$ cat upload_28.tsv   # TSV, C-alpha atoms
chain	number	residue	atom	x	y	z
A	1	MET	CA	5.33	33.76	4.24
A	2	SER	CA	8.25	32.30	2.30
A	3	LEU	CA	7.56	28.62	1.65
A	4	LYS	CA	10.61	26.35	1.58
A	5	ALA	CA	11.17	22.61	1.31
A	6	ALA	CA	13.88	20.02	1.87
A	7	TRP	CA	14.20	16.26	1.47
A	8	CYS	CA	16.08	13.37	3.03
A	9	LYS	CA	16.63	9.68	2.42
A	10	TYR	CA	15.86	7.22	5.21
A	11	ARG	CA	16.63	3.49	5.33
A	12	LEU	CA	14.02	1.33	7.02
A	13	ASP	CA	15.25	-1.96	8.52
A	14	PHE	CA	12.88	-4.95	8.38
A	15	ARG	CA	12.51	-7.06	11.50
A	16	PHE	CA	12.68	-10.14	9.29
A	17	THR	CA	13.42	-11.00	5.67
A	18	ALA	CA	10.30	-9.89	3.79
A	19	ILE	CA	9.67	-12.27	0.91
A	20	THR	CA	7.33	-11.88	-2.05
A	21	SER	CA	7.19	-13.81	-5.31
A	22	ARG	CA	9.36	-11.00	-6.74
A	23	GLU	CA	12.12	-10.42	-4.17
A	24	ARG	CA	13.60	-10.76	-0.69
A	25	MET	CA	14.05	-7.60	1.37
A	26	ARG	CA	16.00	-6.76	4.53
A	27	HIS	CA	15.93	-2.99	4.05
A	28	LYS	CA	13.86	-0.44	2.19
A	29	ASP	CA	14.88	3.11	1.36
A	30	THR	CA	12.26	5.84	1.57
A	31	TYR	CA	12.28	9.62	1.26
A	32	PHE	CA	10.75	12.40	3.35
A	33	ILE	CA	9.85	15.89	2.19
A	34	LYS	CA	9.34	18.71	4.68
A	35	ILE	CA	7.61	22.01	3.94
A	36	TYR	CA	8.22	24.98	6.21
A	37	ASP	CA	8.20	28.76	6.48
A	38	ALA	CA	11.69	30.18	6.03
A	39	GLY	CA	11.06	32.31	9.13
A	40	ALA	CA	10.28	29.27	11.32
A	41	PRO	CA	12.26	26.28	9.98
A	42	ALA	CA	11.82	24.17	13.12
A	43	THR	CA	8.08	23.79	12.47
A	44	PHE	CA	7.26	21.83	9.35
A	45	GLY	CA	4.79	19.62	7.55
A	46	ILE	CA	6.16	16.26	6.47
A	47	GLY	CA	5.23	13.80	3.74
A	48	GLU	CA	6.69	10.50	2.59
A	49	ALA	CA	7.76	9.56	-0.92
A	50	ALA	CA	8.06	5.80	-0.42
A	51	LEU	CA	9.57	4.96	-3.78
A	52	PHE	CA	9.21	1.21	-4.38
A	53	ARG	CA	12.25	0.13	-6.41
A	54	GLY	CA	11.38	-2.17	-9.27
A	55	LEU	CA	7.66	-1.49	-8.96
A	56	SER	CA	6.93	2.25	-8.85
A	57	CYS	CA	6.48	3.84	-12.26
A	58	ASP	CA	8.66	6.72	-11.03
A	59	ASP	CA	11.63	4.46	-10.24
A	60	ARG	CA	13.99	6.46	-12.44
A	61	PRO	CA	17.73	7.27	-12.28
A	62	ASP	CA	16.99	10.99	-11.88
A	63	TYR	CA	14.59	10.52	-8.94
A	64	GLU	CA	16.66	12.48	-6.40
A	65	ASP	CA	17.28	15.25	-8.94
A	66	ARG	CA	13.51	15.48	-9.38
A	67	LEU	CA	13.12	15.65	-5.61
A	68	SER	CA	15.48	18.62	-5.49
A	69	GLU	CA	13.68	20.30	-8.37
A	70	VAL	CA	10.32	19.92	-6.60
A	71	CYS	CA	11.73	21.35	-3.37
A	72	ARG	CA	13.20	24.36	-5.19
A	73	ASP	CA	9.75	25.24	-6.55
A	74	ILE	CA	7.66	23.91	-3.68
A	75	GLY	CA	5.09	26.72	-3.77
A	76	ARG	CA	4.07	25.72	-7.29
A	77	TYR	CA	3.88	21.99	-6.58
A	78	ALA	CA	2.18	22.37	-3.19
A	79	ALA	CA	-0.55	24.41	-4.88
A	80	ALA	CA	-0.97	21.84	-7.66
A	81	PRO	CA	0.40	18.35	-6.78
A	82	SER	CA	-1.23	17.02	-9.97
A	83	LEU	CA	1.73	18.52	-11.84
A	84	LEU	CA	3.58	15.46	-10.52
A	85	ALA	CA	1.19	12.93	-12.09
A	86	ASP	CA	4.10	10.99	-13.61
A	87	TYR	CA	5.82	10.78	-10.21
A	88	PRO	CA	3.09	9.26	-7.99
A	89	SER	CA	5.24	8.88	-4.87
A	90	LEU	CA	6.40	12.51	-5.07
A	91	ARG	CA	2.85	13.67	-5.68
A	92	PHE	CA	1.68	11.84	-2.56
A	93	ALA	CA	4.55	13.23	-0.48
A	94	VAL	CA	3.94	16.83	-1.56
A	95	GLU	CA	0.17	16.49	-1.20
A	96	THR	CA	0.44	15.18	2.35
A	97	ALA	CA	3.30	17.45	3.48
A	98	ALA	CA	1.31	20.46	2.25
A	99	ALA	CA	-1.80	19.22	4.09
A	100	ASP	CA	0.23	18.71	7.28
A	101	PHE	CA	1.74	22.21	7.00
A	102	ALA	CA	-1.67	23.78	6.39
A	103	GLY	CA	-3.08	21.87	9.38
A	104	GLY	CA	-0.54	23.31	11.79
A	105	CYS	CA	2.29	20.76	11.44
A	106	ARG	CA	0.65	18.31	13.85
A	107	ARG	CA	0.71	15.37	11.37
A	108	THR	CA	-3.01	15.88	10.79
A	109	ILE	CA	-3.64	15.31	7.09
A	110	ARG	CA	-7.41	14.74	7.13
A	111	ALA	CA	-9.20	15.44	10.42
A	112	SER	CA	-12.00	13.02	11.30
A	113	ALA	CA	-13.49	11.00	14.14
A	114	TRP	CA	-10.54	8.65	13.62
A	115	THR	CA	-7.90	11.33	14.27
A	116	ARG	CA	-9.89	12.36	17.36
A	117	GLY	CA	-9.63	8.81	18.66
A	118	GLU	CA	-13.37	8.21	18.37
A	119	SER	CA	-13.29	5.39	15.82
A	120	SER	CA	-11.05	2.65	14.45
A	121	ILE	CA	-10.17	1.16	11.07
A	122	VAL	CA	-10.47	-2.62	10.67
A	123	ILE	CA	-7.44	-4.01	8.85
A	124	ASN	CA	-6.43	-7.39	7.48
A	125	GLY	CA	-3.62	-9.40	9.01
A	126	LEU	CA	-0.82	-9.79	6.46
A	127	VAL	CA	1.06	-13.10	6.34
A	128	TRP	CA	4.37	-12.86	4.51
A	129	MET	CA	5.92	-15.71	2.57
A	130	GLY	CA	8.26	-18.20	4.14
A	131	ASP	CA	8.57	-21.95	4.43
A	132	ARG	CA	5.46	-23.89	5.42
A	133	GLU	CA	6.30	-24.06	9.11
A	134	LEU	CA	7.01	-20.35	9.35
A	135	MET	CA	3.84	-19.40	7.47
A	136	CYS	CA	1.73	-21.69	9.68
A	137	ARG	CA	3.18	-19.98	12.73
A	138	ARG	CA	2.50	-16.53	11.31
A	139	ILE	CA	-1.06	-17.48	10.40
A	140	ALA	CA	-1.66	-18.82	13.90
A	141	GLU	CA	-0.35	-15.55	15.38
A	142	LYS	CA	-2.80	-13.52	13.30
A	143	LEU	CA	-5.71	-15.73	14.30
A	144	GLU	CA	-4.72	-15.57	17.96
A	145	ALA	CA	-4.50	-11.76	17.74
A	146	GLY	CA	-8.12	-11.69	16.67
A	147	PHE	CA	-7.93	-10.81	13.00
A	148	THR	CA	-11.21	-11.48	11.18
A	149	CYS	CA	-9.58	-11.05	7.77
A	150	VAL	CA	-6.21	-12.58	6.86
A	151	LYS	CA	-4.25	-11.89	3.70
A	152	ILE	CA	-1.72	-14.51	2.64
A	153	LYS	CA	0.98	-13.95	0.06
A	154	ILE	CA	1.28	-16.97	-2.22
A	155	GLY	CA	3.40	-17.99	-5.19
A	156	GLY	CA	6.67	-18.36	-3.30
A	157	ILE	CA	6.57	-22.03	-2.28
A	158	ASP	CA	5.21	-25.23	-3.80
A	159	PHE	CA	1.56	-24.77	-4.77
A	160	ASP	CA	0.43	-27.97	-3.03
A	161	GLU	CA	2.06	-26.72	0.17
A	162	GLU	CA	0.12	-23.48	-0.18
A	163	LEU	CA	-3.10	-25.45	-0.52
A	164	SER	CA	-2.13	-27.28	2.67
A	165	LEU	CA	-1.68	-23.91	4.40
A	166	LEU	CA	-5.16	-22.83	3.38
A	167	ASP	CA	-6.55	-26.12	4.63
A	168	PHE	CA	-4.84	-25.39	7.97
A	169	VAL	CA	-6.50	-21.96	8.14
A	170	ARG	CA	-9.92	-23.33	7.32
A	171	ARG	CA	-9.63	-26.03	9.99
A	172	GLU	CA	-8.43	-23.53	12.60
A	173	ALA	CA	-10.72	-20.62	11.66
A	174	PRO	CA	-13.54	-21.63	9.30
A	175	HIS	CA	-15.19	-18.20	9.44
A	176	VAL	CA	-12.16	-15.92	8.93
A	177	GLN	CA	-12.16	-13.98	5.67
A	178	LEU	CA	-9.26	-15.10	3.47
A	179	ARG	CA	-7.57	-12.88	0.92
A	180	LEU	CA	-4.72	-14.06	-1.28
A	181	ASP	CA	-2.02	-12.06	-3.04
A	182	ALA	CA	-0.20	-13.81	-5.87
A	183	ASN	CA	1.86	-10.78	-6.99
A	184	GLY	CA	1.55	-12.01	-10.59
A	185	ALA	CA	3.10	-15.40	-9.81
A	186	PHE	CA	0.83	-17.59	-12.00
A	187	ARG	CA	1.35	-18.18	-15.71
A	188	PRO	CA	-1.76	-17.40	-17.79
A	189	SER	CA	-1.91	-21.01	-18.98
A	190	GLU	CA	-2.15	-22.39	-15.42
A	191	ALA	CA	-3.98	-19.57	-13.65
A	192	LEU	CA	-7.59	-20.66	-14.10
A	193	GLU	CA	-6.93	-24.22	-12.94
A	194	ARG	CA	-5.10	-22.93	-9.86
A	195	LEU	CA	-7.93	-20.50	-9.10
A	196	LYS	CA	-10.38	-23.39	-9.25
A	197	ARG	CA	-8.33	-25.38	-6.76
A	198	LEU	CA	-7.97	-22.39	-4.45
A	199	SER	CA	-11.72	-21.77	-4.53
A	200	ASP	CA	-12.24	-24.89	-2.40
A	201	PHE	CA	-11.16	-22.80	0.59
A	202	ASP	CA	-13.83	-20.08	0.37
A	203	ILE	CA	-11.48	-17.29	-0.73
A	204	HIS	CA	-12.77	-13.70	-0.57
A	205	SER	CA	-10.48	-12.48	-3.38
A	206	ILE	CA	-7.09	-12.91	-4.99
A	207	GLU	CA	-4.82	-10.05	-5.97
A	208	GLN	CA	-3.07	-9.99	-9.31
A	209	PRO	CA	-2.97	-13.72	-10.19
A	210	ILE	CA	-0.91	-13.00	-13.34
A	211	ARG	CA	1.58	-10.29	-14.20
A	212	ALA	CA	0.25	-6.82	-14.95
A	213	GLY	CA	-0.10	-5.66	-18.54
A	214	GLN	CA	-1.82	-8.79	-19.92
A	215	TRP	CA	-5.24	-7.17	-20.19
A	216	GLU	CA	-6.85	-9.74	-22.49
A	217	GLU	CA	-5.74	-12.65	-20.31
A	218	MET	CA	-6.76	-10.83	-17.14
A	219	HIS	CA	-10.21	-10.07	-18.58
A	220	ARG	CA	-10.62	-13.76	-19.38
A	221	LEU	CA	-9.74	-14.68	-15.81
A	222	CYS	CA	-12.02	-12.04	-14.30
A	223	SER	CA	-14.93	-13.35	-16.35
A	224	THR	CA	-14.34	-17.04	-15.55
A	225	SER	CA	-12.61	-17.23	-12.17
A	226	PRO	CA	-14.54	-18.78	-9.26
A	227	ILE	CA	-12.65	-16.32	-7.00
A	228	PRO	CA	-13.19	-12.55	-7.35
A	229	ILE	CA	-10.05	-10.91	-8.73
A	230	ALA	CA	-8.57	-7.72	-7.31
A	231	LEU	CA	-6.13	-5.62	-9.33
A	232	ASP	CA	-3.07	-4.17	-7.65
A	233	GLU	CA	0.04	-3.80	-9.81
A	234	GLU	CA	-2.30	-3.34	-12.80
A	235	LEU	CA	-3.05	0.20	-11.61
A	236	ILE	CA	0.57	1.32	-11.48
A	237	GLY	CA	1.60	3.78	-14.18
A	238	LEU	CA	-1.97	4.58	-15.27
A	239	ASN	CA	-1.92	8.25	-14.33
A	240	THR	CA	-4.54	9.79	-16.63
A	241	THR	CA	-8.32	9.46	-16.49
A	242	GLU	CA	-8.36	7.98	-19.98
A	243	GLU	CA	-5.85	5.26	-19.08
A	244	LYS	CA	-7.80	4.32	-15.96
A	245	ILE	CA	-11.09	4.06	-17.86
A	246	ARG	CA	-9.52	1.99	-20.62
A	247	MET	CA	-8.07	-0.51	-18.16
A	248	LEU	CA	-11.24	-0.85	-16.07
A	249	ASP	CA	-13.40	-1.29	-19.16
A	250	SER	CA	-10.99	-3.79	-20.69
A	251	ILE	CA	-10.55	-6.04	-17.64
A	252	ARG	CA	-13.70	-5.52	-15.54
A	253	PRO	CA	-12.23	-6.60	-12.17
A	254	ALA	CA	-14.26	-7.28	-9.03
A	255	TYR	CA	-12.01	-5.02	-6.92
A	256	ILE	CA	-9.16	-2.55	-7.21
A	257	ILE	CA	-6.56	-2.05	-4.50
A	258	LEU	CA	-5.33	1.47	-3.94
A	259	LYS	CA	-1.80	2.20	-2.79
A	260	PRO	CA	-1.59	6.02	-2.73
A	261	THR	CA	2.21	5.92	-2.95
A	262	LEU	CA	1.89	4.04	-6.26
A	263	THR	CA	-1.41	5.48	-7.52
A	264	GLY	CA	-0.62	9.16	-7.04
A	265	GLY	CA	-1.93	10.13	-3.64
A	266	MET	CA	-5.34	10.95	-2.25
A	267	GLU	CA	-6.91	12.93	-5.08
A	268	ALA	CA	-5.81	10.50	-7.79
A	269	SER	CA	-6.93	7.50	-5.72
A	270	GLU	CA	-10.34	9.08	-5.21
A	271	GLU	CA	-10.68	9.29	-8.97
A	272	TRP	CA	-9.97	5.55	-9.14
A	273	ILE	CA	-12.72	4.96	-6.56
A	274	ARG	CA	-15.22	7.05	-8.51
A	275	LEU	CA	-14.47	5.34	-11.82
A	276	ALA	CA	-14.59	1.90	-10.19
A	277	ALA	CA	-17.94	2.63	-8.51
A	278	GLU	CA	-19.42	3.58	-11.88
A	279	ARG	CA	-18.55	0.03	-12.98
A	280	ASP	CA	-19.77	-1.77	-9.83
A	281	CYS	CA	-16.19	-2.46	-8.84
A	282	GLY	CA	-15.24	-2.43	-5.15
A	283	TRP	CA	-12.04	-1.18	-3.54
A	284	TRP	CA	-9.87	-1.13	-0.47
A	285	ALA	CA	-6.65	0.70	0.33
A	286	THR	CA	-3.27	-0.77	1.18
A	287	SER	CA	-0.02	0.70	2.39
A	288	ALA	CA	3.10	0.00	0.35
A	289	LEU	CA	5.88	-0.50	2.90
A	290	GLU	CA	5.83	3.13	4.04
A	291	SER	CA	7.08	4.23	7.43
A	292	ASN	CA	4.54	5.50	9.95
A	293	ILE	CA	4.66	8.90	8.22
A	294	GLY	CA	3.10	7.53	5.05
A	295	LEU	CA	0.92	5.00	6.86
A	296	ASN	CA	-0.57	7.76	8.99
A	297	ALA	CA	-1.45	9.82	5.93
A	298	ILE	CA	-3.09	6.85	4.18
A	299	ALA	CA	-5.05	5.88	7.30
A	300	GLN	CA	-6.29	9.44	7.83
A	301	TRP	CA	-7.42	9.59	4.22
A	302	VAL	CA	-9.13	6.18	4.36
A	303	ALA	CA	-10.95	7.11	7.56
A	304	THR	CA	-12.74	9.97	5.78
A	305	LEU	CA	-14.07	7.54	3.13
A	306	ASN	CA	-16.03	5.40	5.62
A	307	PRO	CA	-14.66	2.04	4.39
A	308	THR	CA	-16.97	-0.96	4.56
A	309	MET	CA	-14.37	-3.75	4.44
A	310	PRO	CA	-10.99	-4.43	6.09
A	311	GLN	CA	-8.15	-2.27	4.79
A	312	GLY	CA	-4.51	-3.25	4.25
A	313	LEU	CA	-2.84	-0.79	6.63
A	314	GLY	CA	-0.73	-2.96	8.89
A	315	THR	CA	2.87	-2.25	7.84
A	316	GLY	CA	3.70	-0.11	10.89
A	317	GLN	CA	5.15	-3.07	12.80
A	318	LEU	CA	7.48	-4.25	10.05
A	319	TYR	CA	10.52	-2.16	10.94
A	320	ASP	CA	13.03	-1.91	13.77
A	321	ASN	CA	13.55	1.81	13.18
A	322	ASN	CA	10.10	3.07	12.26
A	323	ILE	CA	9.14	6.65	13.20
A	324	PRO	CA	7.51	6.61	16.69
A	325	SER	CA	3.92	7.75	16.29
A	326	PRO	CA	0.44	7.74	17.87
A	327	LEU	CA	-0.66	4.91	15.56
A	328	ARG	CA	-1.86	1.95	17.61
A	329	LEU	CA	-2.86	-1.54	16.52
A	330	THR	CA	-5.03	-3.60	18.87
A	331	GLY	CA	-6.15	-6.89	17.37
A	332	ASP	CA	-7.38	-6.00	13.90
A	333	ARG	CA	-8.19	-2.36	14.71
A	334	LEU	CA	-5.96	0.57	13.87
A	335	THR	CA	-6.48	3.65	16.03
A	336	TYR	CA	-4.88	7.05	16.49
A	337	ALA	CA	-3.91	8.27	19.96
A	338	GLY	CA	-3.89	11.95	19.08
A	339	SER	CA	-2.92	13.00	22.60
A	340	GLU	CA	0.44	11.26	22.17
A	341	ALA	CA	3.37	12.91	20.45
A	342	TRP	CA	5.16	12.10	17.24
A	343	GLU	CA	8.92	11.66	17.60
A	344	ILE	CA	10.55	12.79	14.36
A	345	PRO	CA	14.27	11.95	14.64
A	346	ASN	CA	17.08	14.29	13.70
A	347	LEU	CA	17.22	13.67	9.97
A	348	GLN	CA	19.90	14.74	7.52
A	349	TRP	CA	17.92	17.13	5.34
A	350	ASN	CA	19.10	18.22	1.91
A	351	LEU	CA	18.37	21.94	2.11
A	352	ILE	CA	17.62	23.38	-1.31

$ encode --input "upload_28.tsv" --output "structure tokens"
Amino acid sequence: MSLKAAWCKYRLDFRFTAITSRERMRHKDTYFIKIYDAGAPATFGIGEAALFRGLSCDDRPDYEDRLSEVCRDIGRYAAAPSLLADYPSLRFAVETAAADFAGGCRRTIRASAWTRGESSIVINGLVWMGDRELMCRRIAEKLEAGFTCVKIKIGGIDFDEELSLLDFVRREAPHVQLRLDANGAFRPSEALERLKRLSDFDIHSIEQPIRAGQWEEMHRLCSTSPIPIALDEELIGLNTTEEKIRMLDSIRPAYIILKPTLTGGMEASEEWIRLAAERDCGWWATSALESNIGLNAIAQWVATLNPTMPQGLGTGQLYDNNIPSPLRLTGDRLTYAGSEAWEIPNLQWNLI
């Protein structure tokens, strides 16, 4: 067998303007890697390198050159994806494309009861930022759909208006689990007071209340906040065991949030889980604006870990031109209809 690889760039079009405290997005570029036997190029395993511009630690000017280099020596990298530790999105793409290829090119990355359609994954309903009226409407839609856990992005509108939104949720659904994601929007000097005011609404957790990299300030918040703090961006760029241990021991968060595209794929994320468990720190996984290719891989991986809380895997409905797949979302449950076919479009591959 002569193992070959190729890559392509694919632009995903949002169905709406996606707003965070950092940016506004109408499109997102992603990359696919395919691995195939030179004797049978029409049959291939596929993985997604969903580079997140401005956030991924591998957002570098030479990214596409590195993609080509990896594809030229795919046998080496497929055998040892950890060689790409400094390029987490590429590591995840190679790891999952190799798993798909080894599994018969059926988009099966990790077989389980979930891929056989025998179980489901409970996910949170994600509410993107917007004006108050729009966010109220989006929240109501999630509640009507039956979500038992709702995650609301905050930090983009007036703080008092955000408190009013939370009051609306609590009046409409007093028992729904509420997660917040601040994306680092609070200043350290104001964060604790804001966390105290938010705690009036029985918040399950808040992601990244202040910008990443302020370990001393984040430790202070984790030790004093009335709301459990979950770290998200704080994990990005920590690609060695020593760096992960140093951060966890310095900050002592209640939770970590794993985005395999940003944290180096399945194997690297499992190391995060092990190190967190040793410190009584919980976890859940979240997609990072991948297409259904990446979302499928993350969901298949998560399903094998027997998660005990809602996961953040609901990005499949964000795009007008997502890759048609057997992923199905009914209420707050993500399932896999394995009897249905994937529809990989005719992509413009860069053959190496």

$ residues_around --input "upload_28.tsv" --residues "stretch 102-104 of chain A" --least-positions-apart "4" --cutoff "10 Å" --atoms "only C-alpha atoms" --output "PyMOL selection string"
chain A and resi 35-36+43-45+96-98+108-111

$ residues_around --input "upload_28.tsv" --residues "stretch 79-89 of chain A" --least-positions-apart "5" --cutoff "12 Å" --atoms "all atoms listed in the file" --output "PyMOL selection string"
chain A and resi 3+30-33+47-53+55-60+62-64+66-67+69-70+73-74+94-99+102+235-241+259-269+288+290+294

$ residues_around --input "upload_28.tsv" --residues "stretch 317-330 of chain A" --least-positions-apart "5" --cutoff "8 Å" --atoms "all atoms listed in the file" --output "list in words"
Leu12, Asp13, Phe14, Arg15, Phe16, Ser291, Asn292, Ile293, Asn296, Thr335, Tyr336, Ala337, Gly338, Ser339, Glu340, Ala341, Trp342, Glu343, Ile344 and Pro345 of chain A

$ write_last_selection --input "upload_28.tsv" --atoms "C-alpha atoms" --output "short mmCIF file (atom, residue, chain, number, x, y, z; two decimals), in the frame of the given file"
data_model
loop_
_atom_site.label_atom_id
_atom_site.label_comp_id
_atom_site.auth_asym_id
_atom_site.auth_seq_id
_atom_site.Cartn_x
_atom_site.Cartn_y
_atom_site.Cartn_z
CA LEU A 12 14.02 1.33 7.02
CA ASP A 13 15.25 -1.96 8.52
CA PHE A 14 12.88 -4.95 8.38
CA ARG A 15 12.51 -7.06 11.50
CA PHE A 16 12.68 -10.14 9.29
CA SER A 291 7.08 4.23 7.43
CA ASN A 292 4.54 5.50 9.95
CA ILE A 293 4.66 8.90 8.22
CA ASN A 296 -0.57 7.76 8.99
CA THR A 335 -6.48 3.65 16.03
CA TYR A 336 -4.88 7.05 16.49
CA ALA A 337 -3.91 8.27 19.96
CA GLY A 338 -3.89 11.95 19.08
CA SER A 339 -2.92 13.00 22.60
CA GLU A 340 0.44 11.26 22.17
CA ALA A 341 3.37 12.91 20.45
CA TRP A 342 5.16 12.10 17.24
CA GLU A 343 8.92 11.66 17.60
CA ILE A 344 10.55 12.79 14.36
CA PRO A 345 14.27 11.95 14.64
#

$ residues_near_point --input "upload_28.tsv" --point "(10.2, -16.9, 1.0)" --cutoff "9 Å" --atoms "all atoms listed in the file" --output "ChimeraX atom specification"
/A:17-21,23-24,128-131,156-157

$ closest_residue --input "upload_28.tsv" --among "A:Ser250, A:Leu178, A:Asn346, A:Gly331" --to "A:Ala145" --atoms "only C-alpha atoms"
A:Gly331

$ closest_residue --input "upload_28.tsv" --among "A:Glu278, A:Glu216, A:Glu270, A:Glu233" --to "A:Ile251" --atoms "all atoms listed in the file"
A:Glu216

$ residues_around --input "upload_28.tsv" --residues "A:Met218" --least-positions-apart "5" --cutoff "12 Å" --atoms "only C-alpha atoms" --output "PDB file with C-alpha atoms, in the coordinates of the input"
ATOM      1  CA  GLY A 184       1.550 -12.010 -10.590  1.00  0.00           C
ATOM      2  CA  PHE A 186       0.830 -17.590 -12.000  1.00  0.00           C
ATOM      3  CA  ARG A 187       1.350 -18.180 -15.710  1.00  0.00           C
ATOM      4  CA  PRO A 188      -1.760 -17.400 -17.790  1.00  0.00           C
ATOM      5  CA  SER A 189      -1.910 -21.010 -18.980  1.00  0.00           C
ATOM      6  CA  ALA A 191      -3.980 -19.570 -13.650  1.00  0.00           C
ATOM      7  CA  LEU A 192      -7.590 -20.660 -14.100  1.00  0.00           C
ATOM      8  CA  GLU A 207      -4.820 -10.050  -5.970  1.00  0.00           C
ATOM      9  CA  GLN A 208      -3.070  -9.990  -9.310  1.00  0.00           C
ATOM     10  CA  PRO A 209      -2.970 -13.720 -10.190  1.00  0.00           C
ATOM     11  CA  ILE A 210      -0.910 -13.000 -13.340  1.00  0.00           C
ATOM     12  CA  ARG A 211       1.580 -10.290 -14.200  1.00  0.00           C
ATOM     13  CA  ALA A 212       0.250  -6.820 -14.950  1.00  0.00           C
ATOM     14  CA  GLY A 213      -0.100  -5.660 -18.540  1.00  0.00           C
ATOM     15  CA  SER A 223     -14.930 -13.350 -16.350  1.00  0.00           C
ATOM     16  CA  THR A 224     -14.340 -17.040 -15.550  1.00  0.00           C
ATOM     17  CA  SER A 225     -12.610 -17.230 -12.170  1.00  0.00           C
ATOM     18  CA  PRO A 228     -13.190 -12.550  -7.350  1.00  0.00           C
ATOM     19  CA  ILE A 229     -10.050 -10.910  -8.730  1.00  0.00           C
ATOM     20  CA  ALA A 230      -8.570  -7.720  -7.310  1.00  0.00           C
ATOM     21  CA  LEU A 231      -6.130  -5.620  -9.330  1.00  0.00           C
ATOM     22  CA  GLU A 234      -2.300  -3.340 -12.800  1.00  0.00           C
ATOM     23  CA  MET A 247      -8.070  -0.510 -18.160  1.00  0.00           C
ATOM     24  CA  LEU A 248     -11.240  -0.850 -16.070  1.00  0.00           C
ATOM     25  CA  ASP A 249     -13.400  -1.290 -19.160  1.00  0.00           C
ATOM     26  CA  SER A 250     -10.990  -3.790 -20.690  1.00  0.00           C
ATOM     27  CA  ILE A 251     -10.550  -6.040 -17.640  1.00  0.00           C
ATOM     28  CA  ARG A 252     -13.700  -5.520 -15.540  1.00  0.00           C
ATOM     29  CA  PRO A 253     -12.230  -6.600 -12.170  1.00  0.00           C
ATOM     30  CA  ALA A 254     -14.260  -7.280  -9.030  1.00  0.00           C
TER      31      ALA A 254
END

$ closest_residue --input "upload_28.tsv" --among "A:Leu165, A:Ala40, A:Glu118, A:Pro174" --to "A:Arg138" --atoms "only C-alpha atoms"
A:Leu165

$ closest_residue --input "upload_28.tsv" --among "A:Lys142, A:Arg137, A:Phe159, A:Ile206" --to "A:Glu190" --atoms "all atoms listed in the file"
A:Phe159

$ residues_around --input "upload_28.tsv" --residues "stretch 124-127 of chain A" --least-positions-apart "2" --cutoff "8 Å" --atoms "all atoms listed in the file" --output "ChimeraX atom specification"
/A:122,129,135,138-139,142,147-153,310-314,332

$ closest_residue --input "upload_28.tsv" --among "A:Leu143, A:Ala113, A:Ala5, A:Leu275" --to "A:Tyr255" --atoms "all atoms listed in the file"
A:Leu275

$ atom_distance --input "upload_28.tsv" --atom1 "atom CA of A:Pro307" --atom2 "atom CA of A:Leu221"
26.7 Å

$ closest_residue --input "upload_28.tsv" --among "A:Pro226, A:Ala303, A:Glu217, A:Trp283" --to "A:Arg194" --atoms "all atoms listed in the file"
A:Pro226
